[in-house]
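Source file: query.csv; contents: CSV, C-alpha atoms.
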```
chain,number,residue,atom,x,y,z
A,21,MET,CA,91.7,112.4,210.5
A,22,ASN,CA,89.5,109.3,211.0
A,23,LEU,CA,90.8,109.1,214.6
A,24,ILE,CA,89.7,112.7,215.3
A,25,MET,CA,86.3,112.0,213.7
A,26,ASN,CA,85.9,108.8,215.8
A,27,LEU,CA,86.9,110.7,218.9
A,28,PHE,CA,84.1,113.3,218.4
A,29,MET,CA,81.6,110.6,217.4
A,30,ASN,CA,82.4,108.7,220.6
A,31,LEU,CA,82.3,111.8,222.8
A,32,SER,CA,79.0,112.9,221.3
A,33,SER,CA,77.4,109.5,221.9
A,34,GLU,CA,78.5,109.5,225.5
A,35,ILE,CA,77.4,112.9,226.4
A,36,LYS,CA,74.5,112.9,228.9
A,37,THR,CA,72.4,115.9,229.8
A,38,GLU,CA,73.8,115.9,233.3
A,39,ASN,CA,77.3,116.1,231.9
A,40,LEU,CA,76.4,119.0,229.5
A,41,PRO,CA,77.9,121.8,231.7
A,42,LYS,CA,81.2,119.9,232.0
A,43,VAL,CA,81.3,119.4,228.2
A,44,ILE,CA,80.5,123.0,227.5
A,45,LEU,CA,83.2,124.1,230.0
A,46,ALA,CA,85.7,121.7,228.4
A,47,LEU,CA,84.9,123.0,224.9
A,48,GLY,CA,85.2,126.6,226.2
A,49,GLY,CA,88.6,125.7,227.6
A,50,MET,CA,89.7,124.2,224.3
A,51,LEU,CA,88.4,127.2,222.4
A,52,ALA,CA,90.2,129.6,224.8
A,53,LEU,CA,93.4,127.6,224.4
A,54,PHE,CA,93.0,127.7,220.6
A,55,VAL,CA,92.4,131.5,220.6
A,56,LEU,CA,95.5,131.9,222.9
A,57,LEU,CA,97.6,129.9,220.5
A,58,MET,CA,96.4,131.9,217.5
A,59,TRP,CA,97.0,135.2,219.3
A,60,TRP,CA,100.5,134.1,220.3
A,61,SER,CA,101.4,132.9,216.8
A,62,LYS,CA,100.0,136.0,215.1
A,63,SER,CA,101.9,138.4,217.5
A,64,THR,CA,105.1,136.5,216.9
A,65,GLU,CA,104.6,136.7,213.1
A,66,LYS,CA,103.9,140.5,213.4
A,67,LYS,CA,107.1,141.0,215.3
A,68,ALA,CA,109.1,139.0,212.8
A,69,LYS,CA,107.6,141.0,209.9
A,70,ALA,CA,108.4,144.3,211.7
A,71,ARG,CA,112.0,143.2,212.2
A,72,ALA,CA,112.2,142.2,208.5
A,73,GLN,CA,110.8,145.5,207.4
A,74,GLU,CA,113.4,147.3,209.4
A,75,LYS,CA,116.2,145.1,208.0
A,76,TYR,CA,115.1,145.6,204.4
A,77,LYS,CA,114.0,149.2,204.6
A,78,ASP,CA,116.9,150.5,202.5
A,79,TYR,CA,116.2,148.0,199.6
A,80,THR,CA,114.5,150.7,197.6
A,81,GLY,CA,116.4,150.1,194.3
A,82,ARG,CA,114.9,147.9,191.6
A,83,ALA,CA,116.5,146.3,188.7
A,84,GLU,CA,115.7,143.6,186.2
A,85,GLY,CA,118.1,140.8,186.9
A,86,ARG,CA,119.2,138.0,184.5
A,87,ILE,CA,118.9,134.6,185.9
A,88,LEU,CA,122.2,132.8,185.4
A,89,GLU,CA,121.3,129.4,187.0
A,90,HIS,CA,118.7,127.9,189.3
A,91,HIS,CA,118.4,124.8,191.5
A,92,TRP,CA,116.4,123.4,194.3
A,93,VAL,CA,117.7,123.2,197.8
A,94,HIS,CA,116.2,120.6,200.1
A,95,VAL,CA,116.6,121.2,203.9
A,96,SER,CA,115.5,118.7,206.6
A,97,SER,CA,112.9,120.4,208.8
A,98,GLY,CA,113.7,118.2,211.8
A,99,ARG,CA,110.2,116.8,211.7
A,100,ARG,CA,109.3,113.2,210.9
A,101,ASP,CA,106.2,111.8,209.3
A,102,PRO,CA,104.7,109.6,212.1
A,103,GLU,CA,103.3,107.1,209.6
A,104,THR,CA,106.3,106.6,207.3
A,105,GLY,CA,109.1,107.7,209.6
A,106,LYS,CA,110.6,109.8,206.7
A,107,ASP,CA,112.1,113.2,207.4
A,108,ASP,CA,110.0,116.2,206.4
A,109,VAL,CA,111.9,118.3,203.9
A,110,ASP,CA,111.5,122.0,203.2
A,111,SER,CA,112.3,122.8,199.5
A,112,TYR,CA,113.6,126.2,198.3
A,113,PHE,CA,114.0,127.3,194.7
A,114,MET,CA,117.3,129.2,194.5
A,115,VAL,CA,118.5,131.4,191.7
A,116,THR,CA,121.8,133.0,190.8
A,117,TYR,CA,121.4,136.3,189.1
A,118,GLU,CA,123.2,139.4,187.9
A,119,PHE,CA,121.9,142.9,187.5
A,120,GLU,CA,123.1,146.4,186.8
A,121,ALA,CA,123.0,149.3,189.2
A,122,ASN,CA,124.9,152.6,189.0
A,123,GLY,CA,126.6,151.4,185.8
A,124,GLN,CA,128.1,148.3,187.5
A,125,THR,CA,127.2,144.7,187.3
A,126,TYR,CA,126.4,142.9,190.6
A,127,ARG,CA,125.7,139.2,191.3
A,128,GLY,CA,123.5,137.6,193.9
A,129,GLU,CA,121.9,134.4,194.9
A,130,GLY,CA,118.7,133.9,196.8
A,131,GLU,CA,115.3,132.3,197.1
A,132,ALA,CA,112.8,132.9,194.3
A,133,SER,CA,109.4,131.6,193.3
A,134,ALA,CA,109.4,128.3,191.4
A,135,SER,CA,107.4,130.0,188.8
A,136,PHE,CA,110.7,131.7,187.8
A,137,ARG,CA,111.9,128.3,186.5
A,138,GLY,CA,111.0,129.2,182.9
A,139,ARG,CA,111.9,132.8,183.1
A,140,LYS,CA,115.1,134.5,182.1
A,141,THR,CA,114.7,137.6,184.3
A,142,GLN,CA,113.4,138.6,187.7
A,143,THR,CA,113.0,141.8,189.7
A,144,ILE,CA,115.9,142.4,192.1
A,145,CYS,CA,115.7,144.7,195.1
A,146,TYR,CA,118.8,146.3,196.4
A,147,ASP,CA,120.2,149.0,198.7
A,148,PRO,CA,121.2,151.9,196.4
A,149,SER,CA,124.0,152.9,198.7
A,150,ASP,CA,125.4,149.3,198.5
A,151,PRO,CA,124.0,147.2,195.7
A,152,ASN,CA,125.9,144.2,197.1
A,153,ARG,CA,123.0,144.0,199.6
A,154,ASN,CA,120.3,142.6,197.4
A,155,CYS,CA,117.6,140.0,197.1
A,156,SER,CA,114.8,138.9,194.8
A,157,LEU,CA,111.5,140.8,195.0
A,158,TYR,CA,109.8,137.5,195.8
A,159,TYR,CA,112.1,137.0,198.8
A,160,LEU,CA,111.6,140.6,200.0
A,161,ASN,CA,107.9,140.2,199.8
A,162,SER,CA,107.9,136.9,201.6
A,163,GLN,CA,109.9,138.4,204.5
A,164,THR,CA,108.1,141.8,204.8
A,165,GLN,CA,104.5,141.3,203.9
A,166,SER,CA,101.7,139.5,205.7
A,167,ALA,CA,100.4,136.2,204.4
A,168,SER,CA,97.3,136.0,202.3
A,169,CYS,CA,94.0,135.0,203.8
A,170,LEU,CA,94.2,131.5,202.4
A,171,ARG,CA,97.6,131.0,203.8
A,172,VAL,CA,96.4,132.2,207.2
A,173,LEU,CA,93.4,130.0,207.0
A,174,ILE,CA,95.5,126.9,206.3
A,175,TYR,CA,97.9,127.9,209.1
A,176,MET,CA,95.0,128.1,211.5
A,177,LEU,CA,93.6,124.8,210.4
A,178,VAL,CA,96.9,123.1,210.9
A,179,ARG,CA,97.2,124.6,214.4
A,180,PHE,CA,93.7,123.5,215.2
A,181,ALA,CA,94.5,119.9,214.0
A,182,ILE,CA,97.6,119.9,216.3
A,183,LEU,CA,95.4,121.1,219.2
A,184,LEU,CA,92.9,118.3,218.5
A,185,GLY,CA,95.8,115.8,218.4
A,186,VAL,CA,97.1,117.0,221.7
A,187,ILE,CA,93.6,116.7,223.2
A,188,TYR,CA,93.3,113.2,221.8
A,189,LEU,CA,96.6,112.2,223.4
A,190,ILE,CA,95.6,113.6,226.7
A,191,LEU,CA,92.3,111.7,226.6
A,192,LYS,CA,94.1,108.5,225.5
A,193,ILE,CA,96.7,108.8,228.3
A,194,SER,CA,94.2,109.6,231.0
A,195,GLY,CA,92.2,106.5,230.0
A,196,LYS,CA,89.1,108.3,229.0
A,197,LEU,CA,89.3,106.9,225.5
```
Now, as a test, write the supplied structure out as structure tokens.
Amino acid sequence: MNLIMNLFMNLSSEIKTENLPKVILALGGMLALFVLLMWWSKSTEKKAKARAQEKYKDYTGRAEGRILEHHWVHVSSGRRDPETGKDDVDSYFMVTYEFEANGQTYRGEGEASASFRGRKTQTICYDPSDPNRNCSLYYLNSQTQSASCLRVLIYMLVRFAILLGVIYLILKISGKL
């Protein structure tokens, strides 16, 4: 973050009035690229949500499921922290549960909110025609509903930071920094 702040401090101190049109054009280009990236990511997310809504459209049944066991699953994201060199890990809270539907008991396993850690039950969504097709309400919502405003804001800020990092690298490689 300090590098980015220094970059803007250096750029702002070197801006001369005769270079102002170039600077405005460059900033406009960066803004246009940022808007294009945001549009692309949001349209991709909307398509994924639409596919998920189609996939889970028959999960209209609801039952209170008993949590039998729970554990964390850690999956390497394939990204590395540039400072420490450690793998970035995505963590998922998984639960095994059972629930009753149509007078029979069914079991399932899936992702749930870590706030379920202390709970003994959770809401299960299932397909009434085939209760073996089921998932937690938490997972269903995460797949089919749009993110909250805070989540979108954080997502946009991360994308903007990545954009600034790319700009910094381009300036560094081109020798303008």
Residue with smallest distance to Leu88 of chain A - pool A:Tyr117, A:Tyr126, A:Phe54, A:Tyr188, counting all atoms listed in the file: A:Tyr117
Straight-line distance linking atom CA of Tyr112 of chain A with atom CA of Gly98 of chain A, stated in Å to one decimal: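 Value for the atom CA of Tyr112 of chain A-atom CA of Gly98 of chain A distance: 15.7 Å.
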Pick from A:Thr164, A:Thr141, A:Ser194, A:Ser133 nearest to Gln73 of chain A, counting all atoms listed in the file: A:Thr164
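Checking A:Ala68, A:Leu157, A:Leu47, A:Ala132 one by one against Thr80 of chain A, counting only C-alpha atoms, you find the shortest gap at A:Leu157.
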Counting only C-alpha atoms, the residue of A:Glu89, A:Glu74, A:Asp150, A:Asp101 that sits nearest Ala121 of chain A: A:Asp150
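Of the listed residues (A:Tyr79, A:Asp110, A:Tyr159, A:Ser149), A:Tyr159 comes nearest to Gly130 of chain A; the distances count all atoms listed in the file.
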Minimum-distance residue to Ile144 of chain A, chosen among A:Thr116, A:Thr104, A:Ser111, A:Gln165 (using only C-alpha atoms):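 Counting only C-alpha atoms, the residue closest to Ile144 of chain A is A:Thr116.
Separating atom CA of Lys192 of chain A from atom CA of Val178 of chain A is a distance of 20.8 Å.
Here atom CA of Thr143 of chain A is placed at a distance of 9.2 Å from atom CA of Phe119 of chain A.
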Expected residue set, 8 Å radius at (123.1, 141.5, 197.9), only C-alpha atoms, as a ChimeraX atom specification: /A:127-129,146,151-155
Any chance you could export the current selection's C-alpha atoms as a PDB file, in the frame of the given file?
```pdb
ATOM      1  CA  ARG A 127     125.700 139.200 191.300  1.00  0.00           C
ATOM      2  CA  GLY A 128     123.500 137.600 193.900  1.00  0.00           C
ATOM      3  CA  GLU A 129     121.900 134.400 194.900  1.00  0.00           C
ATOM      4  CA  TYR A 146     118.800 146.300 196.400  1.00  0.00           C
ATOM      5  CA  PRO A 151     124.000 147.200 195.700  1.00  0.00           C
ATOM      6  CA  ASN A 152     125.900 144.200 197.100  1.00  0.00           C
ATOM      7  CA  ARG A 153     123.000 144.000 199.600  1.00  0.00           C
ATOM      8  CA  ASN A 154     120.300 142.600 197.400  1.00  0.00           C
ATOM      9  CA  CYS A 155     117.600 140.000 197.100  1.00  0.00           C
TER      10      CYS A 155
END
```
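Non-sequential neighbours of Lys69 of chain A (distance at most 12 Å, separation of 5 or more positions within a chain, only C-alpha atoms) are Lys62, Ser63, Thr64, Glu74, Lys75, Tyr76, Lys77, Leu160, Asn161, Ser162, Gln163, Thr164, Gln165, Ser166 and Ala167 of chain A.
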Kindly complete segment 176-195 of chain A to N, CA, C and O atoms; the output should be written as a compact mmCIF listing (two decimals), in the frame of the given file.
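Wrote it out as selection-v4.txt, contents follow:
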```
# COMPACT_ATOMS: atom_id res chain seq x y z
N MET A 176 95.90 128.31 210.36
CA MET A 176 95.00 128.10 211.50
C MET A 176 94.45 126.73 211.57
O MET A 176 94.34 126.15 212.65
N LEU A 177 94.09 126.16 210.42
CA LEU A 177 93.60 124.80 210.40
C LEU A 177 94.60 123.79 210.87
O LEU A 177 94.28 122.85 211.59
N VAL A 178 95.84 124.00 210.46
CA VAL A 178 96.90 123.10 210.90
C VAL A 178 97.08 123.22 212.42
O VAL A 178 97.20 122.20 213.12
N ARG A 179 97.08 124.44 212.95
CA ARG A 179 97.20 124.60 214.40
C ARG A 179 96.04 123.97 215.13
O ARG A 179 96.22 123.36 216.18
N PHE A 180 94.83 124.10 214.58
CA PHE A 180 93.70 123.50 215.20
C PHE A 180 93.80 121.96 215.19
O PHE A 180 93.46 121.30 216.17
N ALA A 181 94.29 121.40 214.09
CA ALA A 181 94.50 119.90 214.00
C ALA A 181 95.51 119.48 215.05
O ALA A 181 95.33 118.44 215.67
N ILE A 182 96.56 120.26 215.24
CA ILE A 182 97.60 119.90 216.30
C ILE A 182 96.91 119.97 217.64
O ILE A 182 97.14 119.08 218.46
N LEU A 183 96.10 120.99 217.89
CA LEU A 183 95.40 121.10 219.20
C LEU A 183 94.51 119.88 219.40
O LEU A 183 94.51 119.29 220.48
N LEU A 184 93.78 119.46 218.37
CA LEU A 184 92.90 118.30 218.50
C LEU A 184 93.76 117.02 218.76
O LEU A 184 93.35 116.16 219.54
N GLY A 185 94.91 116.93 218.13
CA GLY A 185 95.80 115.80 218.40
C GLY A 185 96.29 115.75 219.80
O GLY A 185 96.35 114.68 220.42
N VAL A 186 96.63 116.91 220.35
CA VAL A 186 97.10 117.00 221.70
C VAL A 186 95.94 116.57 222.67
O VAL A 186 96.14 115.81 223.63
N ILE A 187 94.76 117.07 222.39
CA ILE A 187 93.60 116.70 223.20
C ILE A 187 93.36 115.20 223.15
O ILE A 187 93.10 114.55 224.17
N TYR A 188 93.46 114.64 221.96
CA TYR A 188 93.30 113.20 221.80
C TYR A 188 94.30 112.43 222.63
O TYR A 188 93.96 111.47 223.33
N LEU A 189 95.56 112.86 222.57
CA LEU A 189 96.60 112.20 223.40
C LEU A 189 96.35 112.29 224.86
O LEU A 189 96.54 111.31 225.59
N ILE A 190 95.92 113.45 225.30
CA ILE A 190 95.60 113.60 226.70
C ILE A 190 94.50 112.69 227.14
O ILE A 190 94.58 112.03 228.18
N LEU A 191 93.45 112.62 226.32
CA LEU A 191 92.30 111.70 226.60
C LEU A 191 92.77 110.27 226.61
O LEU A 191 92.35 109.45 227.44
N LYS A 192 93.62 109.91 225.68
CA LYS A 192 94.10 108.50 225.50
C LYS A 192 94.96 108.17 226.76
O LYS A 192 94.81 107.09 227.33
N ILE A 193 95.86 109.06 227.16
CA ILE A 193 96.70 108.80 228.30
C ILE A 193 95.95 108.73 229.60
O ILE A 193 96.22 107.90 230.47
N SER A 194 94.95 109.59 229.72
CA SER A 194 94.20 109.60 231.00
C SER A 194 93.19 108.45 231.05
O SER A 194 92.56 108.25 232.08
N GLY A 195 93.07 107.67 229.98
CA GLY A 195 92.20 106.50 230.00
C GLY A 195 90.76 106.77 229.71
O GLY A 195 89.91 105.90 229.87
```
